[in-house]
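Listing of start08.txt, compact mmCIF, C-alpha atoms and all ligand atoms
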# COMPACT_ATOMS: atom_id res chain seq x y z
CA MET A 27 -18.91 51.28 21.41
CA THR A 28 -22.17 49.45 21.85
CA THR A 29 -23.99 46.50 20.31
CA ILE A 30 -27.66 46.76 19.42
CA ASP A 31 -29.92 44.10 20.84
CA ILE A 32 -32.83 43.27 18.52
CA PRO A 33 -35.73 41.63 20.40
CA ALA A 34 -36.85 38.27 18.94
CA GLY A 35 -39.72 38.75 16.50
CA SER A 36 -39.13 42.51 16.22
CA LEU A 37 -40.89 44.13 13.26
CA PHE A 38 -37.77 46.32 12.94
CA GLY A 39 -35.08 43.69 12.44
CA ILE A 40 -32.18 43.87 9.98
CA ASP A 41 -34.46 42.99 7.05
CA ASN A 42 -36.46 46.20 7.56
CA LEU A 43 -34.20 49.15 8.52
CA PRO A 44 -36.64 52.01 7.85
CA TYR A 45 -35.35 55.58 7.75
CA GLY A 46 -36.76 58.48 9.73
CA VAL A 47 -35.93 62.01 10.82
CA PHE A 48 -35.49 62.49 14.57
CA SER A 49 -34.28 64.86 17.24
CA VAL A 50 -33.20 64.36 20.83
CA ASP A 51 -33.65 66.89 23.65
CA GLY A 52 -34.58 69.71 21.28
CA GLY A 53 -31.51 69.22 19.08
CA SER A 54 -31.57 69.68 15.33
CA PRO A 55 -33.50 67.05 13.32
CA ARG A 56 -31.42 64.60 11.29
CA VAL A 57 -31.69 61.21 9.65
CA GLY A 58 -31.72 57.94 11.57
CA VAL A 59 -32.52 54.32 10.97
CA ARG A 60 -34.62 52.17 13.26
CA VAL A 61 -33.12 48.90 14.49
CA GLY A 62 -35.24 46.97 17.00
CA ASP A 63 -36.17 49.43 19.74
CA SER A 64 -33.18 51.65 18.99
CA LEU A 65 -32.50 54.47 16.59
CA VAL A 66 -29.08 54.87 14.99
CA ASP A 67 -27.97 58.43 14.20
CA LEU A 68 -26.55 57.93 10.71
CA ALA A 69 -24.54 61.15 10.51
CA ALA A 70 -22.74 60.12 13.71
CA ALA A 71 -22.45 56.42 12.91
CA LEU A 72 -21.38 56.69 9.27
CA GLY A 73 -19.66 60.07 9.37
CA ASP A 74 -21.64 61.19 6.34
CA ASP A 75 -23.09 64.71 6.31
CA VAL A 76 -25.92 63.81 3.94
CA PHE A 77 -27.62 62.35 7.02
CA ALA A 78 -27.21 65.57 9.02
CA ALA A 79 -29.95 67.11 6.86
CA PRO A 80 -33.40 67.61 8.40
CA THR A 81 -35.08 65.50 5.69
CA LEU A 82 -34.33 62.36 3.71
CA ASN A 83 -34.39 64.30 0.43
CA PRO A 84 -30.61 64.85 -0.03
CA PHE A 85 -29.93 61.13 0.55
CA MET A 86 -32.83 60.02 -1.65
CA ALA A 87 -31.57 62.26 -4.45
CA GLN A 88 -28.26 60.35 -4.51
CA GLY A 89 -30.01 57.49 -6.27
CA TYR A 90 -30.56 53.78 -6.28
CA ASP A 91 -26.94 52.61 -6.16
CA ARG A 92 -26.32 54.69 -3.04
CA TRP A 93 -29.55 53.39 -1.42
CA VAL A 94 -28.27 49.84 -1.89
CA ALA A 95 -24.73 50.63 -0.71
CA VAL A 96 -25.85 52.51 2.41
CA ARG A 97 -28.25 49.72 3.35
CA GLU A 98 -25.34 47.26 3.19
CA ARG A 99 -23.17 49.56 5.32
CA ILE A 100 -25.94 49.84 7.92
CA ARG A 101 -26.36 46.07 8.03
CA ASP A 102 -22.62 45.62 8.60
CA LEU A 103 -22.63 48.35 11.23
CA VAL A 104 -25.49 46.98 13.34
CA ALA A 105 -24.12 43.45 13.10
CA GLY A 106 -21.02 44.73 14.91
CA GLU A 107 -20.48 47.71 17.18
CA VAL A 108 -21.88 51.23 16.90
CA PRO A 109 -20.38 54.37 18.53
CA ASP A 110 -22.14 54.99 21.86
CA GLY A 111 -23.35 58.49 21.05
CA ALA A 112 -24.95 57.31 17.82
CA VAL A 113 -27.56 55.06 19.45
CA HIS A 114 -30.76 56.27 21.13
CA ALA A 115 -33.60 54.39 22.76
CA ILE A 116 -36.64 54.81 20.54
CA GLU A 117 -38.79 56.24 23.35
CA ARG A 118 -36.27 59.07 23.83
CA VAL A 119 -36.45 60.49 20.30
CA THR A 120 -38.93 62.86 18.71
CA LEU A 121 -39.86 61.87 15.17
CA HIS A 122 -40.45 64.47 12.46
CA LEU A 123 -41.89 64.55 8.96
CA PRO A 124 -39.25 62.41 7.20
CA ILE A 125 -39.31 64.09 3.81
CA GLU A 126 -39.81 67.49 2.29
CA VAL A 127 -42.89 66.69 0.24
CA ALA A 128 -42.60 67.93 -3.33
CA ASP A 129 -45.83 67.18 -5.19
CA TYR A 130 -48.60 65.06 -3.70
CA VAL A 131 -51.00 63.00 -5.79
CA ASP A 132 -53.65 60.61 -4.50
CA PHE A 133 -54.91 57.65 -6.53
CA TYR A 134 -58.04 55.53 -6.23
CA ALA A 135 -56.64 52.07 -6.98
CA SER A 136 -58.89 49.72 -4.98
CA GLU A 137 -61.74 48.28 -7.04
CA HIS A 138 -63.65 47.41 -3.87
CA HIS A 139 -63.34 50.97 -2.52
CA ALA A 140 -64.19 52.65 -5.84
CA SER A 141 -67.21 50.36 -6.26
CA ASN A 142 -68.48 51.00 -2.73
CA VAL A 143 -68.10 54.78 -3.09
CA GLY A 144 -69.82 54.62 -6.49
CA ARG A 145 -72.80 52.83 -4.93
CA LEU A 146 -72.96 55.39 -2.11
CA PHE A 147 -72.46 58.60 -4.14
CA ARG A 148 -74.26 57.53 -7.37
CA PRO A 149 -76.81 54.89 -6.30
CA ASP A 150 -78.66 54.88 -9.65
CA ALA A 151 -75.60 54.37 -11.87
CA GLU A 152 -72.92 51.71 -12.54
CA PRO A 153 -70.61 51.69 -9.47
CA LEU A 154 -67.41 51.99 -11.54
CA LEU A 155 -67.16 54.85 -14.04
CA PRO A 156 -66.14 53.85 -17.61
CA ASN A 157 -62.50 54.99 -17.27
CA TRP A 158 -61.72 53.17 -14.02
CA LYS A 159 -60.29 49.92 -15.41
CA HIS A 160 -58.37 51.72 -18.17
CA LEU A 161 -56.30 54.11 -16.06
CA PRO A 162 -55.34 54.66 -12.41
CA VAL A 163 -57.70 57.53 -11.50
CA GLY A 164 -56.11 60.21 -9.32
CA TYR A 165 -56.11 63.89 -8.35
CA HIS A 166 -53.51 66.40 -7.23
CA GLY A 167 -53.54 66.98 -3.48
CA ARG A 168 -51.87 69.54 -1.24
CA SER A 169 -48.26 68.75 -0.36
CA GLY A 170 -48.01 71.54 2.22
CA THR A 171 -50.51 69.85 4.54
CA VAL A 172 -48.83 66.44 4.66
CA LEU A 173 -48.22 65.90 8.40
CA VAL A 174 -46.23 63.43 10.46
CA SER A 175 -48.06 60.88 12.59
CA GLY A 176 -49.09 62.25 15.98
CA THR A 177 -50.06 65.68 14.67
CA ASP A 178 -53.54 66.66 15.87
CA ILE A 179 -56.19 67.18 13.18
CA MET A 180 -58.51 70.17 13.57
CA ARG A 181 -62.01 69.48 12.29
CA PRO A 182 -62.33 71.43 9.03
CA SER A 183 -65.14 73.84 8.25
CA GLY A 184 -66.62 74.38 4.83
CA GLN A 185 -69.69 74.42 2.64
CA ARG A 186 -72.02 71.48 2.59
CA LYS A 187 -75.42 70.86 1.06
CA ALA A 188 -77.38 67.66 1.51
CA PRO A 189 -79.52 66.68 -1.53
CA ALA A 190 -82.74 67.70 0.26
CA ASP A 191 -81.38 71.12 1.31
CA THR A 192 -82.35 74.15 -0.78
CA ALA A 193 -79.06 76.02 -0.21
CA PRO A 194 -75.59 75.27 1.14
CA VAL A 195 -74.60 76.12 4.71
CA PHE A 196 -71.15 76.81 6.19
CA GLY A 197 -69.84 75.14 9.32
CA PRO A 198 -67.70 72.39 10.84
CA SER A 199 -67.81 69.12 8.93
CA THR A 200 -70.25 66.63 10.45
CA ARG A 201 -68.94 63.69 8.40
CA LEU A 202 -65.21 63.63 9.14
CA ASP A 203 -63.63 60.38 7.96
CA ILE A 204 -60.31 58.63 7.33
CA GLU A 205 -58.85 56.76 4.37
CA ALA A 206 -56.30 54.02 5.10
CA GLU A 207 -53.70 54.05 2.31
CA MET A 208 -50.09 53.35 1.46
CA GLY A 209 -47.92 56.25 0.29
CA PHE A 210 -44.95 55.94 -2.09
CA ILE A 211 -42.03 58.38 -2.14
CA VAL A 212 -40.05 59.25 -5.25
CA GLY A 213 -36.31 59.29 -4.51
CA THR A 214 -34.92 60.23 -7.89
CA GLY A 215 -37.12 62.16 -10.25
CA THR A 216 -37.17 62.72 -13.97
CA PRO A 217 -36.99 65.79 -16.21
CA LEU A 218 -39.84 66.95 -18.41
CA ASN A 219 -40.81 64.58 -21.20
CA ALA A 220 -39.12 61.50 -19.77
CA PRO A 221 -41.94 59.16 -18.63
CA ILE A 222 -41.09 56.45 -16.09
CA THR A 223 -41.91 52.93 -17.27
CA PRO A 224 -43.48 50.52 -14.77
CA ASP A 225 -40.37 48.32 -14.91
CA SER A 226 -38.09 51.16 -13.79
CA PHE A 227 -40.11 51.80 -10.61
CA PRO A 228 -37.42 50.41 -8.22
CA ARG A 229 -34.81 52.86 -9.48
CA HIS A 230 -37.08 55.84 -8.83
CA VAL A 231 -39.16 55.02 -5.78
CA PHE A 232 -37.23 55.08 -2.52
CA GLY A 233 -39.74 53.89 0.03
CA ALA A 234 -43.25 53.44 1.36
CA VAL A 235 -45.20 54.85 4.31
CA LEU A 236 -48.63 54.43 5.85
CA LEU A 237 -50.93 57.29 4.90
CA ASN A 238 -54.21 58.57 6.30
CA ASP A 239 -56.12 60.79 3.86
CA TRP A 240 -58.44 62.61 6.29
CA SER A 241 -61.67 63.36 4.41
CA ALA A 242 -64.68 65.58 5.14
CA ARG A 243 -67.40 63.68 3.30
CA ASP A 244 -70.04 66.43 3.49
CA ILE A 245 -67.66 69.06 2.07
CA GLN A 246 -66.41 66.55 -0.53
CA ALA A 247 -69.90 65.50 -1.72
CA TRP A 248 -70.95 69.10 -2.47
CA GLU A 249 -67.69 70.38 -4.01
CA TYR A 250 -66.35 67.44 -6.04
CA VAL A 251 -68.37 67.84 -9.25
CA PRO A 252 -66.91 68.26 -11.85
CA LEU A 253 -63.22 68.75 -10.91
CA GLY A 254 -62.74 66.29 -8.06
CA PRO A 255 -61.67 66.50 -4.41
CA HIS A 256 -60.50 69.85 -3.05
CA LEU A 257 -61.12 71.33 0.42
CA GLY A 258 -62.73 68.14 1.70
CA LYS A 259 -59.25 66.59 1.52
CA SER A 260 -56.62 69.34 1.53
CA PHE A 261 -56.80 70.25 5.24
CA ALA A 262 -54.62 67.29 6.34
CA THR A 263 -52.90 64.10 5.17
CA SER A 264 -50.94 62.15 7.78
CA ILE A 265 -48.02 59.79 7.11
CA SER A 266 -46.04 57.41 9.31
CA PRO A 267 -42.58 58.63 10.39
CA TRP A 268 -40.71 55.52 9.15
CA VAL A 269 -39.95 55.23 5.44
CA VAL A 270 -39.61 51.52 4.65
CA PRO A 271 -37.18 51.07 1.72
CA ILE A 272 -38.67 49.47 -1.39
CA ILE A 273 -35.62 47.17 -1.28
CA ALA A 274 -36.96 45.80 2.05
CA LEU A 275 -40.25 44.82 0.39
CA GLU A 276 -38.87 42.22 -2.06
CA ALA A 277 -40.38 39.36 -0.01
CA ALA A 278 -43.75 41.13 0.08
CA ARG A 279 -44.11 41.13 -3.71
CA ILE A 280 -47.08 39.15 -5.04
CA PRO A 281 -48.50 38.74 -8.55
CA LEU A 282 -50.96 41.50 -9.35
CA PRO A 283 -54.52 40.16 -9.32
CA GLY A 284 -56.73 40.70 -12.39
CA GLN A 285 -56.23 43.15 -15.29
CA THR A 286 -57.32 40.89 -18.15
CA ASP A 287 -60.66 42.55 -18.95
CA PRO A 288 -59.68 45.01 -20.22
CA GLU A 289 -55.94 44.55 -20.66
CA PRO A 290 -54.12 47.82 -19.77
CA LEU A 291 -52.68 49.95 -22.57
CA PRO A 292 -48.99 49.22 -23.32
CA TYR A 293 -47.55 52.05 -21.21
CA LEU A 294 -49.19 50.50 -18.12
CA ARG A 295 -47.98 46.96 -18.77
CA GLU A 296 -45.25 45.47 -16.61
CA SER A 297 -43.08 42.54 -17.62
CA ASP A 298 -43.95 40.94 -14.29
CA PRO A 299 -46.95 42.74 -12.77
CA TRP A 300 -46.64 42.83 -8.99
CA GLY A 301 -48.48 44.08 -5.95
CA LEU A 302 -47.52 44.10 -2.28
CA ASP A 303 -48.77 41.81 0.48
CA ILE A 304 -49.21 44.45 3.18
CA ASP A 305 -51.74 44.01 6.00
CA LEU A 306 -53.16 47.16 7.56
CA VAL A 307 -55.15 47.49 10.77
CA ILE A 308 -57.36 50.47 11.67
CA ALA A 309 -57.94 51.14 15.37
CA TRP A 310 -60.59 53.68 16.36
CA ASN A 311 -60.18 54.86 19.97
CA GLY A 312 -58.15 51.71 20.57
CA GLU A 313 -60.65 49.26 19.06
CA GLU A 314 -59.69 47.41 15.86
CA VAL A 315 -62.47 48.11 13.38
CA SER A 316 -60.93 47.03 10.05
CA HIS A 317 -58.12 45.02 8.41
CA PRO A 318 -57.55 46.46 4.91
CA PRO A 319 -55.44 44.19 2.63
CA PHE A 320 -53.11 46.00 0.20
CA ARG A 321 -52.73 42.74 -1.80
CA GLU A 322 -56.26 43.32 -3.18
CA MET A 323 -55.37 46.55 -5.00
CA TYR A 324 -56.21 46.60 -8.70
CA TRP A 325 -53.51 49.02 -9.90
CA SER A 326 -49.88 48.55 -8.79
CA PRO A 327 -47.58 51.24 -7.37
CA ALA A 328 -45.45 50.95 -10.54
CA GLN A 329 -48.47 51.52 -12.80
CA MET A 330 -49.49 54.56 -10.77
CA LEU A 331 -46.05 56.16 -11.24
CA ALA A 332 -46.04 55.30 -14.96
CA HIS A 333 -49.43 56.95 -15.35
CA LEU A 334 -48.32 59.97 -13.32
CA THR A 335 -45.50 60.73 -15.76
CA VAL A 336 -46.75 59.38 -19.12
CA ASN A 337 -47.92 62.82 -20.29
CA GLY A 338 -44.38 64.20 -19.94
CA ALA A 339 -44.82 65.63 -16.45
CA SER A 340 -41.53 65.73 -14.57
CA SER A 341 -41.11 64.15 -11.15
CA ARG A 342 -39.01 65.27 -8.21
CA THR A 343 -37.24 63.93 -5.15
CA GLY A 344 -39.88 63.97 -2.41
CA ASP A 345 -42.91 63.47 -4.64
CA LEU A 346 -45.49 61.51 -2.67
CA TYR A 347 -48.35 59.53 -4.11
CA GLY A 348 -51.08 57.73 -2.22
CA SER A 349 -52.61 54.45 -3.34
CA GLY A 350 -56.16 55.47 -2.57
CA THR A 351 -58.25 53.88 0.16
CA ILE A 352 -57.44 50.20 0.61
CA SER A 353 -60.61 48.11 0.84
CA GLY A 354 -60.95 44.35 0.49
CA PRO A 355 -64.03 42.39 -0.56
CA GLU A 356 -65.22 41.83 3.01
CA LYS A 357 -66.95 44.37 5.22
CA HIS A 358 -64.25 44.13 7.92
CA GLN A 359 -61.63 45.00 5.25
CA ARG A 360 -63.01 48.43 4.30
CA GLY A 361 -60.55 51.29 4.65
CA ALA A 362 -62.88 54.23 5.39
CA PHE A 363 -65.70 54.83 7.88
CA LEU A 364 -67.88 55.98 4.95
CA GLU A 365 -67.84 52.37 3.73
CA LEU A 366 -67.73 50.66 7.14
CA SER A 367 -70.90 52.55 8.19
CA TRP A 368 -72.38 52.44 4.65
CA GLY A 369 -72.77 56.19 4.36
CA GLY A 370 -73.74 56.49 8.02
CA LYS A 371 -76.73 54.14 7.71
CA GLU A 372 -75.11 51.13 9.43
CA PRO A 373 -73.30 52.38 12.56
CA LEU A 374 -70.35 50.45 13.99
CA THR A 375 -69.97 49.61 17.63
CA VAL A 376 -66.80 51.28 18.94
CA LYS A 377 -66.03 50.82 22.63
CA GLY A 378 -69.70 50.03 23.24
CA GLU A 379 -71.03 53.10 21.39
CA GLU A 380 -72.76 53.26 18.01
CA ARG A 381 -70.59 55.37 15.70
CA THR A 382 -70.56 56.52 12.08
CA PHE A 383 -68.11 59.42 11.53
CA LEU A 384 -65.42 60.96 13.76
CA LEU A 385 -66.29 62.94 16.90
CA ASP A 386 -64.02 65.53 18.54
CA GLY A 387 -61.44 63.77 20.71
CA ASP A 388 -61.46 60.57 18.65
CA GLU A 389 -58.12 59.02 17.81
CA VAL A 390 -57.36 56.81 14.81
CA VAL A 391 -54.23 54.66 14.53
CA ILE A 392 -53.37 52.77 11.34
CA THR A 393 -50.62 50.15 11.51
CA GLY A 394 -49.15 47.91 8.81
CA THR A 395 -46.92 44.85 8.44
CA ALA A 396 -45.56 42.82 5.54
CA PRO A 397 -43.49 39.68 4.93
CA GLY A 398 -39.75 40.37 5.14
CA ALA A 399 -36.71 38.41 4.00
CA ASN A 400 -35.87 35.03 5.54
CA GLY A 401 -39.36 34.44 6.94
CA SER A 402 -39.30 37.61 9.03
CA ARG A 403 -42.07 40.17 9.29
CA ILE A 404 -41.44 43.87 8.88
CA GLY A 405 -43.42 46.78 10.31
CA PHE A 406 -44.33 50.21 9.00
CA GLY A 407 -45.02 51.50 12.50
CA GLU A 408 -48.14 53.60 12.76
CA VAL A 409 -49.89 56.72 11.55
CA ARG A 410 -51.83 58.31 14.40
CA GLY A 411 -54.08 61.33 14.64
CA ARG A 412 -56.55 62.82 17.11
CA VAL A 413 -59.48 65.06 16.14
CA LEU A 414 -59.63 68.51 17.70
CA PRO A 415 -62.80 70.64 17.70
CA ALA A 416 -63.26 73.14 14.86
CA ASN A 417 -61.89 76.63 15.47
CA CA B 501 -57.70 59.07 -0.75

Would you mind writing the structure in this file as structure tokens?
Amino acid sequence: MTTIDIPAGSLFGIDNLPYGVFSVDGGSPRVGVRVGDSLVDLAAALGDDVFAAPTLNPFMAQGYDRWVAVRERIRDLVAGEVPDGAVHAIERVTLHLPIEVADYVDFYASEHHASNVGRLFRPDAEPLLPNWKHLPVGYHGRSGTVLVSGTDIMRPSGQRKAPADTAPVFGPSTRLDIEAEMGFIVGTGTPLNAPITPDSFPRHVFGAVLLNDWSARDIQAWEYVPLGPHLGKSFATSISPWVVPIIALEAARIPLPGQTDPEPLPYLRESDPWGLDIDLVIAWNGEEVSHPPFREMYWSPAQMLAHLTVNGASSRTGDLYGSGTISGPEKHQRGAFLELSWGGKEPLTVKGEERTFLLDGDEVVITGTAPGANGSRIGFGEVRGRVLPAN
């Protein structure tokens, strides 16, 4: 038996306990939980085969009461002794995509981001379109190209046509960008015609991850009218390997800012509207270029899920929805290079070089932290990706 030493100030203390899927030495992937700088193999430690699965889906499908009970068992376990073979040093494990992604939807819930993009894409019109404050705008993305952090991103090719061009051309994107977001994972779904109310969010949503919605702005700008994003987005979406339980984010809850003009329709109203106080950091080739604040989001994760299902659409274990790019009111809080460089017109200095969009070989790392219980701080880890040249 062994005891797990948690370093002082660890972002992965007993108030976090995020789940992931790991393998060691080429063995089969299974579910673990991160404690400090260690990973506990849950199938081995708890003797429960649901954790021998290669994704979190079977465990998530067991529902809220099990999520609470297992979390308590893990806390008891790591406070005492764990079987030797069930503990691995974090640097020895390979982390995999933690969930089998069912459907993937991406929202657009930051007023600052939506306003900035409106100014850039439609300079002669109102920045926010008329629907934006009445409903959480979103689109259906591609679940099959959701990738775990660390997966290389090949520069996509596609059609693009600048306004001054007479005809479109085909080739590698020249305006490859990121979007720093949070992702939310549905643990227990709902059948057809059973909408989820905002207040029942905690019983349906299992956890949260960091998400990078890689975006080819030139492909996007030409294709998006009138049906929205398609190939400019669907080539890759990266998520962090650790799924932080929603239960661990109680201390990060904050009152939702705004929403009085207009007041949301009844199906979007919460008895106690809440957002999450999560701080993100974007590092571009190792240099911190932005600090997006999730607390500034206009629409809450619970409202997004309520909107997603209000038409009677069913939901499934493994459904993933992104918050949309997180941008704050300040320039250094913008969550995409499109905004940070103002459409490429105001380059940033990255490692001494003037930069606008991503070049081959660039690496982007997004990290995130939030308040935890008892004055602690909890970490989401990172979502990392490097750009490879187009095929
Ligand atoms: Ca997005």

What separates CA of Asp225 (chain A) and CA of Asp41 (chain A) is a distance of 23.4 Å

Residues within 7 Å of ligand CA 501 (chain B) (all atoms listed in the file), as JSON, numbers by chain?
{"A": [132, 133, 134, 205, 239, 348, 350, 351]}

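Around Val174 (chain A), within 10 Å and counting all atoms listed in the file, the residues found are Leu121, His122, Leu123, Pro124, Ile125, Thr171, Val172, Gly176, Thr177, Asp178, Leu237, Thr263, Ser264, Ile265, Ser266, Pro267, Trp268, Val409, Arg410 and Gly411 of chain A, once anything fewer than 2 positions away on its own chain is removed.
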
Using all atoms listed in the file, the shortest atom-to-atom distance to Asp91 (chain A) among A:Pro228, A:Gly62, A:Phe383, A:Ala115 belongs to A:Pro228

Distance query region 246-258 of chain A at most 12 Å, only C-alpha atoms, self and fewer than 6 positions along chain excluded, as a PyMOL selection string:
chain A and resi 131-134+143-144+146-148+163-168+171+181-189+191+193-196+198-204+239-240+364+369

What are the nearest atom pairs, with distances in Å to one decimal, for all residues of region 244-316 of chain A that come at most 6 Å from region 231-235 of chain A, using all atoms listed in the file, set out by chain and rising residue number as a tab-separated table?
residue	atom	partner	partner_atom	distance
A:Ser266	CA	A:Val235	CA	5.7
A:Val269	CA	A:Val235	CA	5.4
A:Val270	CA	A:Gly233	CA	5.2
A:Pro271	CA	A:Gly233	CA	4.2
A:Ile272	CA	A:Gly233	CA	4.8

Nearest to Asn337 (chain A) among A:Ser402, A:Thr286, A:Thr223, A:Ser241, with distances taken over all atoms listed in the file: which residue is it?
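When distances to Asn337 (chain A) are compared using all atoms listed in the file, the smallest one comes from A:Thr223.
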
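The nearest approach to Phe48 (chain A) among the residues A:Thr81, A:Ser169, A:Ser340, A:Thr335, with only C-alpha atoms taken into account, belongs to A:Thr81.
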
So what do you get for CA of Val61 (chain A) versus CA of Glu389 (chain A), distance-wise?
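CA of Glu389 (chain A) lies 27.2 Å from CA of Val61 (chain A).
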
Could you work out an axis-aligned box for region 326-337 of chain A, taking every atom the file lists and adding 5 Å on each side, and report centre and edge lengths in Å to one decimal, as JSON?
{"center_x": -47.7, "center_y": 55.7, "center_z": -13.8, "size_x": 14.4, "size_y": 24.3, "size_z": 22.9}

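Here CA of Val50 (chain A) and CA of His114 (chain A) stand 8.5 Å from one another.
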
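Excluding region 28-36 of chain A itself and same-chain residues fewer than 3 positions from it, the residues having an atom within 9 Å of it are Gly39, Ile40, Val61, Gly62, Asp63, Ser64, Val104, Ala105, Gly106, Glu107, Val108, Pro109, Asp110, Val113, Ser402, Arg403, Ile404 and Gly405 of chain A, counting all atoms listed in the file.
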
Is there a way to get, as a PyMOL selection string, all residues within 6 Å of the point (-40.1, 65.2, -16.2) in file coordinates, counting only C-alpha atoms?
chain A and resi 216-220+338-341

So that I can check the surroundings of Val96 (chain A), please list as a CSV table (one decimal) with C-alpha atoms, keeping the file's coordinate frame every protein, DNA and RNA residue that reaches within 10 Å of it, counting all atoms listed in the file and ignoring chain neighbours fewer than 6 positions away.
chain,number,residue,atom,x,y,z
A,68,LEU,CA,-26.6,57.9,10.7
A,72,LEU,CA,-21.4,56.7,9.3
A,85,PHE,CA,-29.9,61.1,0.6
A,90,TYR,CA,-30.6,53.8,-6.3
A,102,ASP,CA,-22.6,45.6,8.6

Please identify every residue of region 324-393 of chain A that has at least one atom no farther than 7 Å from an atom of region 299-312 of chain A, counting all atoms listed in the file, and for each give the shortest atom pair and the distance in Å to one decimal, arranged by chain then increasing number, as a Markdown table.
| residue | atom | partner | partner_atom | distance |
| --- | --- | --- | --- | --- |
| A:Ser326 | CA | A:Gly301 | CA | 5.5 |
| A:Asp388 | CA | A:Asn311 | CA | 6.0 |
| A:Glu389 | CA | A:Asn311 | CA | 5.1 |
| A:Val390 | CA | A:Trp310 | CA | 4.8 |
| A:Val391 | CA | A:Ala309 | CA | 5.2 |
| A:Ile392 | CA | A:Ile308 | CA | 4.6 |
| A:Thr393 | CA | A:Val307 | CA | 5.3 |

Pro415 (chain A): which residues within 8 Å, counting only C-alpha atoms, same-chain residues fewer than 6 positions away excluded, as a PyMOL selection string?
chain A and resi 180-181+386-387

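Among the candidate residues A:Glu372, A:Glu98, A:Glu365, A:Glu296, the one lying nearest to Ser141 (chain A) is A:Glu365, with distances computed using all atoms listed in the file.
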
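Minimum atom-to-atom distances from A:Arg92, A:His139, A:Arg342, A:Arg412 to Val212 (chain A) were compared using all atoms listed in the file, and the lowest value belongs to A:Arg342.
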
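Remark: for Ser297 (chain A), the closest of the candidate residues A:Gln285, A:Pro224, A:Ala396, A:Arg279 is A:Pro224 (distances computed over all atoms listed in the file).
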
N, CA, C and O atoms for region 290-301 of chain A, written as a compact mmCIF listing (two decimals), in the coordinates of the input, could you do that?
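Output saved as selection01.txt:
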# COMPACT_ATOMS: atom_id res chain seq x y z
N PRO A 290 -54.56 46.42 -19.78
CA PRO A 290 -54.12 47.82 -19.77
C PRO A 290 -53.41 48.19 -21.08
O PRO A 290 -52.85 47.32 -21.75
N LEU A 291 -53.43 49.47 -21.41
CA LEU A 291 -52.68 49.95 -22.57
C LEU A 291 -51.18 49.69 -22.35
O LEU A 291 -50.72 49.55 -21.21
N PRO A 292 -50.41 49.63 -23.45
CA PRO A 292 -48.99 49.22 -23.32
C PRO A 292 -48.18 49.98 -22.28
O PRO A 292 -47.36 49.39 -21.59
N TYR A 293 -48.40 51.30 -22.14
CA TYR A 293 -47.55 52.05 -21.21
C TYR A 293 -47.78 51.65 -19.75
O TYR A 293 -46.98 51.98 -18.87
N LEU A 294 -48.89 50.95 -19.49
CA LEU A 294 -49.19 50.50 -18.12
C LEU A 294 -48.84 49.03 -17.88
O LEU A 294 -49.07 48.50 -16.80
N ARG A 295 -48.28 48.39 -18.93
CA ARG A 295 -47.98 46.96 -18.77
C ARG A 295 -46.59 46.77 -18.17
O ARG A 295 -45.63 47.40 -18.57
N GLU A 296 -46.52 45.83 -17.23
CA GLU A 296 -45.25 45.47 -16.61
C GLU A 296 -44.83 44.11 -17.14
O GLU A 296 -45.67 43.28 -17.46
N SER A 297 -43.53 43.86 -17.18
CA SER A 297 -43.08 42.54 -17.62
C SER A 297 -43.50 41.49 -16.61
O SER A 297 -43.77 40.35 -16.96
N ASP A 298 -43.56 41.87 -15.34
CA ASP A 298 -43.95 40.94 -14.29
C ASP A 298 -44.82 41.70 -13.29
O ASP A 298 -44.32 42.16 -12.26
N PRO A 299 -46.11 41.86 -13.60
CA PRO A 299 -46.95 42.74 -12.77
C PRO A 299 -46.99 42.28 -11.31
O PRO A 299 -47.24 41.11 -11.03
N TRP A 300 -46.73 43.20 -10.40
CA TRP A 300 -46.64 42.83 -8.99
C TRP A 300 -47.38 43.82 -8.11
O TRP A 300 -47.46 45.01 -8.40
N GLY A 301 -47.91 43.27 -7.02
CA GLY A 301 -48.48 44.08 -5.95
C GLY A 301 -47.70 43.80 -4.68
O GLY A 301 -46.63 43.18 -4.71
